[in-house]
$ cat my_file-v3.cif   # mmCIF, C-alpha atoms
data_model
loop_
_atom_site.group_PDB
_atom_site.id
_atom_site.type_symbol
_atom_site.label_atom_id
_atom_site.label_comp_id
_atom_site.auth_asym_id
_atom_site.auth_seq_id
_atom_site.Cartn_x
_atom_site.Cartn_y
_atom_site.Cartn_z
ATOM 1 C CA MET A 28 103.838 -151.625 133.923
ATOM 2 C CA PRO A 29 100.994 -149.891 132.048
ATOM 3 C CA ARG A 30 98.876 -147.258 133.760
ATOM 4 C CA LEU A 31 95.397 -147.926 132.397
ATOM 5 C CA ARG A 32 92.144 -145.955 132.600
ATOM 6 C CA ILE A 33 88.633 -146.343 131.253
ATOM 7 C CA GLN A 34 87.468 -143.664 128.808
ATOM 8 C CA LEU A 35 84.237 -142.942 126.914
ATOM 9 C CA THR A 36 84.763 -141.782 123.323
ATOM 10 C CA GLY A 37 82.749 -140.849 120.266
ATOM 11 C CA TRP A 38 79.665 -138.828 119.442
ATOM 12 C CA ASP A 39 77.687 -140.920 117.000
ATOM 13 C CA ARG A 40 78.925 -144.320 118.165
ATOM 14 C CA ARG A 41 79.781 -144.223 121.867
ATOM 15 C CA THR A 42 82.556 -146.636 122.841
ATOM 16 C CA LEU A 43 84.059 -147.572 126.193
ATOM 17 C CA ILE A 44 87.824 -148.064 125.832
ATOM 18 C CA LEU A 45 90.747 -148.980 128.053
ATOM 19 C CA THR A 46 93.704 -146.688 127.343
ATOM 20 C CA ASP A 47 97.261 -146.116 128.513
ATOM 21 C CA THR A 48 98.088 -142.975 130.525
ATOM 22 C CA PRO A 49 101.348 -141.038 130.913
ATOM 23 C CA ASP A 50 103.775 -141.979 133.669
ATOM 24 C CA PRO A 51 103.122 -139.506 136.533
ATOM 25 C CA GLY A 52 106.759 -139.786 137.685
ATOM 26 C CA CYS A 53 108.368 -139.148 134.297
ATOM 27 C CA PRO A 54 111.282 -136.694 134.687
ATOM 28 C CA ARG A 55 111.061 -135.504 131.057
ATOM 29 C CA CYS A 56 107.391 -134.443 130.861
ATOM 30 C CA ASP A 57 106.445 -134.295 134.591
ATOM 31 C CA GLY A 58 103.486 -136.620 133.932
ATOM 32 C CA ASP A 59 101.890 -134.505 131.185
ATOM 33 C CA GLY A 60 102.562 -137.112 128.497
ATOM 34 C CA GLY A 61 104.232 -134.731 126.091
ATOM 35 C CA PHE A 62 105.328 -131.242 125.253
ATOM 36 C CA ALA A 63 103.147 -128.438 123.866
ATOM 37 C CA TYR A 64 104.749 -125.550 122.056
ATOM 38 C CA ASP A 65 103.327 -122.546 120.262
ATOM 39 C CA TYR A 66 104.388 -121.586 116.765
ATOM 40 C CA GLY A 67 103.873 -118.547 114.586
ATOM 41 C CA ASP A 68 103.524 -117.682 110.945
ATOM 42 C CA HIS A 69 106.205 -115.957 108.867
ATOM 43 C CA GLU A 70 105.255 -112.569 110.384
ATOM 44 C CA GLY A 71 105.619 -113.816 113.950
ATOM 45 C CA GLU A 72 101.885 -113.956 114.766
ATOM 46 C CA TYR A 73 100.504 -116.882 116.769
ATOM 47 C CA ALA A 74 99.350 -119.640 114.402
ATOM 48 C CA GLY A 75 98.678 -122.595 116.701
ATOM 49 C CA THR A 76 100.064 -125.120 119.137
ATOM 50 C CA ASP A 77 101.816 -128.399 118.343
ATOM 51 C CA TRP A 78 102.058 -131.447 120.605
ATOM 52 C CA ASP A 79 104.970 -133.880 120.779
ATOM 53 C CA PRO A 80 104.252 -136.992 122.888
ATOM 54 C CA CYS A 81 106.794 -138.189 125.447
ATOM 55 C CA THR A 82 108.355 -141.654 125.250
ATOM 56 C CA CYS A 83 106.736 -142.618 128.594
ATOM 57 C CA TRP A 84 103.320 -142.811 126.920
ATOM 58 C CA ASP A 85 101.913 -144.495 123.827
ATOM 59 C CA GLU A 86 98.731 -142.592 122.975
ATOM 60 C CA THR A 87 97.763 -145.166 120.322
ATOM 61 C CA ARG A 88 97.641 -147.997 122.868
ATOM 62 C CA ARG A 89 93.938 -148.659 123.475
ATOM 63 C CA TRP A 90 91.513 -151.551 123.633
ATOM 64 C CA THR A 91 87.791 -151.468 122.942
ATOM 65 C CA LEU A 92 85.779 -152.825 125.860
ATOM 66 C CA LEU A 93 82.186 -152.119 124.834
ATOM 67 C CA ARG A 94 80.437 -150.480 121.869
ATOM 68 C CA PHE A 95 77.112 -148.903 122.717
ATOM 69 C CA PRO A 96 74.246 -149.086 120.209
ATOM 70 C CA ARG A 97 73.387 -145.980 118.223
ATOM 71 C CA MET A 98 70.513 -143.975 119.658
ATOM 72 C CA ARG A 99 68.040 -142.726 117.094
ATOM 73 C CA ARG A 100 66.586 -139.478 118.337
ATOM 74 C CA HIS A 101 64.261 -138.319 115.562
ATOM 75 C CA HIS A 102 61.290 -140.510 114.686
ATOM 76 C CA ARG A 103 57.980 -139.391 113.289
ATOM 77 C CA GLY A 104 55.226 -139.597 115.864
ATOM 78 C CA VAL A 105 57.590 -140.551 118.686
ATOM 79 C CA ARG A 106 58.431 -137.984 121.352
ATOM 80 C CA ASP A 107 62.121 -137.290 121.955
ATOM 81 C CA PRO A 108 62.884 -138.470 125.558
ATOM 82 C CA TRP A 109 65.639 -135.835 125.921
ATOM 83 C CA SER A 110 63.430 -132.945 124.845
ATOM 84 C CA SER A 111 62.529 -130.208 127.318
ATOM 85 C CA GLU A 112 59.300 -129.406 125.440
ATOM 86 C CA PRO A 113 55.984 -130.403 127.034
ATOM 87 C CA PRO A 114 54.220 -133.373 125.351
ATOM 88 C CA PHE A 115 51.238 -131.345 124.102
#
$ encode --input "my_file-v3.cif" --output "C-alpha coordinates"
Amino acid sequence: MPRLRIQLTGWDRRTLILTDTPDPGCPRCDGDGGFAYDYGDHEGEYAGTDWDPCTCWDETRRWTLLRFPRMRRHHRGVRDPWSSEPPF
(Lines of atoms letter the chains of each structure in order from A and count residues from 1; the text may use other names and numbers.)
(Lines give C-alpha, C1' and ligand atoms only; values in the text may rest on other atoms or scores of the structure.)
Protein backbone atom coordinates (compact mmCIF):
# COMPACT_ATOMS: atom_id res chain seq x y z
CA MET A 1 0.00 0.00 0.00
CA PRO A 2 1.48 3.39 -0.97
CA ARG A 3 2.38 5.93 1.68
CA LEU A 4 1.41 9.23 0.07
CA ARG A 5 2.08 12.85 1.05
CA ILE A 6 1.33 16.26 -0.42
CA GLN A 7 4.35 18.35 -1.43
CA LEU A 8 4.87 21.83 -2.89
CA THR A 9 7.57 22.02 -5.56
CA GLY A 10 9.12 24.52 -7.93
CA TRP A 11 10.33 28.10 -7.84
CA ASP A 12 9.04 29.70 -11.01
CA ARG A 13 5.98 27.48 -11.46
CA ARG A 14 4.70 26.30 -8.09
CA THR A 15 3.01 22.89 -8.22
CA LEU A 16 1.18 20.85 -5.61
CA ILE A 17 1.99 17.15 -6.05
CA LEU A 18 1.08 13.87 -4.40
CA THR A 19 4.19 11.72 -3.93
CA ASP A 20 5.18 8.34 -2.54
CA THR A 21 7.22 8.17 0.69
CA PRO A 22 9.64 5.53 1.98
CA ASP A 23 8.33 2.66 4.09
CA PRO A 24 9.00 3.64 7.74
CA GLY A 25 9.30 -0.04 8.74
CA CYS A 26 11.78 -1.05 6.04
CA PRO A 27 14.54 -3.23 7.56
CA ARG A 28 17.07 -2.32 4.84
CA CYS A 29 17.02 1.50 5.05
CA ASP A 30 15.25 2.05 8.42
CA GLY A 31 12.70 4.34 6.71
CA ASP A 32 15.25 6.72 5.16
CA GLY A 33 14.39 5.67 1.61
CA GLY A 34 17.94 4.95 0.57
CA PHE A 35 21.60 4.92 1.41
CA ALA A 36 23.98 7.91 1.37
CA TYR A 37 27.69 7.33 1.09
CA ASP A 38 30.63 9.69 0.79
CA TYR A 39 33.27 9.30 -1.88
CA GLY A 40 36.67 10.83 -2.48
CA ASP A 41 38.89 11.78 -5.35
CA HIS A 42 42.04 9.89 -6.37
CA GLU A 43 44.00 11.55 -3.52
CA GLY A 44 41.48 10.49 -0.88
CA GLU A 45 39.94 13.94 -0.31
CA TYR A 46 36.18 14.27 0.13
CA ALA A 47 34.52 14.89 -3.25
CA GLY A 48 30.81 14.50 -2.53
CA THR A 49 27.99 12.25 -1.45
CA ASP A 50 26.04 9.78 -3.58
CA TRP A 51 22.52 8.49 -2.92
CA ASP A 52 21.20 5.04 -3.78
CA PRO A 53 17.42 4.67 -3.30
CA CYS A 54 16.01 1.65 -1.49
CA THR A 55 13.58 -0.75 -3.17
CA CYS A 56 10.84 0.19 -0.66
CA TRP A 57 10.43 3.59 -2.33
CA ASP A 58 9.94 4.81 -5.88
CA GLU A 59 11.02 8.46 -5.88
CA THR A 60 9.70 8.98 -9.42
CA ARG A 61 6.14 8.07 -8.42
CA ARG A 62 4.26 11.38 -8.27
CA TRP A 63 1.03 12.92 -9.48
CA THR A 64 0.33 16.58 -10.16
CA LEU A 65 -2.67 17.83 -8.21
CA LEU A 66 -2.65 21.57 -8.91
CA ARG A 67 -0.45 24.00 -10.87
CA PHE A 68 -0.43 27.51 -9.49
CA PRO A 69 -0.31 30.48 -11.89
CA ARG A 70 2.96 32.34 -12.30
CA MET A 71 3.23 35.47 -10.19
CA ARG A 72 4.70 38.45 -11.99
CA ARG A 73 6.52 40.57 -9.46
CA HIS A 74 8.05 43.40 -11.48
CA HIS A 75 5.71 45.76 -13.32
CA ARG A 76 6.33 49.38 -14.15
CA GLY A 77 4.25 51.69 -12.02
CA VAL A 78 2.88 48.87 -9.86
CA ARG A 79 4.15 48.47 -6.31
CA ASP A 80 5.53 45.05 -5.36
CA PRO A 81 3.18 43.63 -2.65
CA TRP A 82 6.05 41.65 -1.07
CA SER A 83 8.36 44.65 -0.80
CA SER A 84 9.36 45.98 2.61
CA GLU A 85 9.94 49.49 1.21
CA PRO A 86 7.45 52.23 2.10
CA PRO A 87 5.14 53.31 -0.78
CA PHE A 88 6.56 56.84 -1.06
$ resolve_selection --input "my_file-v3.cif" --expression "the PyMOL selection byres ((chain A and resi 83-92) around 12)" --output "VMD selection string"
chain A and resid 28 to 36 41 to 62 78 to 82 93 to 95
$ atom_distance --input "my_file-v3.cif" --atom1 "atom CA of Trp38 of chain A" --atom2 "atom CA of Ala63 of chain A"
26.1 Å
$ atom_distance --input "my_file-v3.cif" --atom1 "atom CA of Asp39 of chain A" --atom2 "atom CA of Pro96 of chain A"
9.4 Å
$ axis_aligned_box --input "my_file-v3.cif" --around "segment 83-89 of chain A" --padding-each-side "5 Å" --output "AutoDock Vina command-line options"
--center_x 100.3 --center_y -145.6 --center_z 124.5 --size_x 22.8 --size_y 16.1 --size_z 18.3
$ resolve_selection --input "my_file-v3.cif" --expression "the PyMOL selection byres ((chain A and resi 66) around 8)" --output "JSON, numbers by chain"
{"A": [64, 65, 67, 68, 73, 74, 75, 76, 77]}
$ decode --input "my_file-v3.cif" --residues "segment 35-72 of chain A" --atoms "N, CA, C and O atoms" --output "short mmCIF file (atom, residue, chain, number, x, y, z; two decimals), in the first residue's frame"
data_model
loop_
_atom_site.label_atom_id
_atom_site.label_comp_id
_atom_site.auth_asym_id
_atom_site.auth_seq_id
_atom_site.Cartn_x
_atom_site.Cartn_y
_atom_site.Cartn_z
N LEU A 35 4.83 20.65 -2.04
CA LEU A 35 4.87 21.83 -2.89
C LEU A 35 6.24 21.91 -3.53
O LEU A 35 7.26 21.86 -2.84
N THR A 36 6.30 22.01 -4.86
CA THR A 36 7.57 22.02 -5.56
C THR A 36 7.67 23.22 -6.49
O THR A 36 6.66 23.82 -6.84
N GLY A 37 8.88 23.52 -6.90
CA GLY A 37 9.12 24.52 -7.93
C GLY A 37 9.33 25.92 -7.40
O GLY A 37 8.82 26.28 -6.35
N TRP A 38 10.12 26.70 -8.16
CA TRP A 38 10.33 28.10 -7.84
C TRP A 38 9.55 29.00 -8.78
O TRP A 38 8.81 29.87 -8.35
N ASP A 39 9.72 28.81 -10.07
CA ASP A 39 9.04 29.70 -11.01
C ASP A 39 7.60 29.26 -11.27
O ASP A 39 6.73 30.09 -11.47
N ARG A 40 7.34 27.99 -11.25
CA ARG A 40 5.98 27.48 -11.46
C ARG A 40 5.66 26.55 -10.31
O ARG A 40 6.02 25.38 -10.32
N ARG A 41 5.02 27.07 -9.28
CA ARG A 41 4.70 26.30 -8.09
C ARG A 41 3.66 25.23 -8.43
O ARG A 41 2.70 25.49 -9.14
N THR A 42 3.88 24.01 -7.93
CA THR A 42 3.01 22.89 -8.22
C THR A 42 2.78 22.09 -6.96
O THR A 42 3.70 21.83 -6.20
N LEU A 43 1.54 21.71 -6.73
CA LEU A 43 1.18 20.85 -5.61
C LEU A 43 1.12 19.43 -6.14
O LEU A 43 0.38 19.15 -7.08
N ILE A 44 1.94 18.52 -5.56
CA ILE A 44 1.99 17.15 -6.05
C ILE A 44 1.70 16.16 -4.93
O ILE A 44 1.85 16.48 -3.75
N LEU A 45 1.27 14.99 -5.32
CA LEU A 45 1.08 13.87 -4.40
C LEU A 45 2.20 12.89 -4.71
O LEU A 45 2.38 12.47 -5.85
N THR A 46 3.00 12.54 -3.70
CA THR A 46 4.19 11.72 -3.93
C THR A 46 4.26 10.56 -2.96
O THR A 46 3.68 10.60 -1.88
N ASP A 47 4.97 9.52 -3.36
CA ASP A 47 5.18 8.34 -2.54
C ASP A 47 6.28 8.64 -1.52
O ASP A 47 7.17 9.44 -1.76
N THR A 48 6.21 8.01 -0.36
CA THR A 48 7.22 8.17 0.69
C THR A 48 7.82 6.82 1.03
O THR A 48 7.21 5.78 0.78
N PRO A 49 9.02 6.80 1.61
CA PRO A 49 9.64 5.53 1.98
C PRO A 49 8.83 4.79 3.05
O PRO A 49 8.11 5.40 3.84
N ASP A 50 8.98 3.48 3.08
CA ASP A 50 8.33 2.66 4.09
C ASP A 50 9.03 2.86 5.43
O ASP A 50 10.22 2.57 5.55
N PRO A 51 8.33 3.39 6.45
CA PRO A 51 9.00 3.64 7.74
C PRO A 51 9.45 2.37 8.45
O PRO A 51 10.33 2.42 9.31
N GLY A 52 8.91 1.21 8.10
CA GLY A 52 9.30 -0.04 8.74
C GLY A 52 10.25 -0.88 7.90
O GLY A 52 10.41 -2.07 8.18
N CYS A 53 10.89 -0.29 6.91
CA CYS A 53 11.78 -1.05 6.04
C CYS A 53 13.03 -1.48 6.82
O CYS A 53 13.72 -0.64 7.40
N PRO A 54 13.36 -2.78 6.82
CA PRO A 54 14.54 -3.23 7.56
C PRO A 54 15.86 -2.90 6.87
O PRO A 54 16.90 -2.85 7.52
N ARG A 55 15.82 -2.62 5.56
CA ARG A 55 17.07 -2.32 4.84
C ARG A 55 17.54 -0.89 5.06
O ARG A 55 18.70 -0.64 5.31
N CYS A 56 16.61 0.09 4.96
CA CYS A 56 17.02 1.50 5.05
C CYS A 56 16.52 2.19 6.31
O CYS A 56 16.79 3.38 6.50
N ASP A 57 15.80 1.49 7.18
CA ASP A 57 15.25 2.05 8.42
C ASP A 57 14.34 3.25 8.16
O ASP A 57 14.29 4.19 8.95
N GLY A 58 13.66 3.27 7.02
CA GLY A 58 12.70 4.34 6.71
C GLY A 58 13.31 5.57 6.09
O GLY A 58 12.60 6.55 5.86
N ASP A 59 14.61 5.56 5.79
CA ASP A 59 15.25 6.72 5.16
C ASP A 59 15.00 6.79 3.66
O ASP A 59 15.16 7.85 3.06
N GLY A 60 14.66 5.69 3.04
CA GLY A 60 14.39 5.67 1.61
C GLY A 60 15.60 5.38 0.75
O GLY A 60 15.49 5.30 -0.46
N GLY A 61 16.75 5.25 1.35
CA GLY A 61 17.94 4.95 0.57
C GLY A 61 19.19 4.99 1.42
O GLY A 61 19.13 5.05 2.65
N PHE A 62 20.32 5.00 0.74
CA PHE A 62 21.60 4.92 1.41
C PHE A 62 22.51 6.02 0.88
O PHE A 62 22.76 6.09 -0.32
N ALA A 63 23.03 6.86 1.75
CA ALA A 63 23.98 7.91 1.37
C ALA A 63 25.38 7.44 1.71
O ALA A 63 25.60 6.86 2.78
N TYR A 64 26.30 7.68 0.80
CA TYR A 64 27.69 7.33 1.09
C TYR A 64 28.60 8.39 0.48
O TYR A 64 28.35 8.93 -0.59
N ASP A 65 29.64 8.70 1.22
CA ASP A 65 30.63 9.69 0.79
C ASP A 65 31.66 9.03 -0.12
O ASP A 65 31.94 7.84 0.01
N TYR A 66 32.21 9.80 -1.02
CA TYR A 66 33.27 9.30 -1.88
C TYR A 66 34.36 10.35 -1.99
O TYR A 66 34.15 11.52 -1.70
N GLY A 67 35.53 9.93 -2.37
CA GLY A 67 36.67 10.83 -2.48
C GLY A 67 37.28 10.81 -3.86
O GLY A 67 36.97 9.97 -4.68
N ASP A 68 38.18 11.74 -4.08
CA ASP A 68 38.89 11.78 -5.35
C ASP A 68 40.08 10.82 -5.30
O ASP A 68 40.24 10.06 -4.34
N HIS A 69 40.93 10.86 -6.30
CA HIS A 69 42.04 9.89 -6.37
C HIS A 69 43.08 10.11 -5.27
O HIS A 69 43.88 9.23 -5.01
N GLU A 70 43.06 11.29 -4.62
CA GLU A 70 44.00 11.55 -3.52
C GLU A 70 43.38 11.25 -2.16
O GLU A 70 44.01 11.46 -1.13
N GLY A 71 42.14 10.82 -2.14
CA GLY A 71 41.48 10.49 -0.88
C GLY A 71 40.73 11.63 -0.23
O GLY A 71 40.18 11.47 0.86
N GLU A 72 40.68 12.80 -0.86
CA GLU A 72 39.94 13.94 -0.31
C GLU A 72 38.45 13.77 -0.59
O GLU A 72 38.04 13.18 -1.58
#
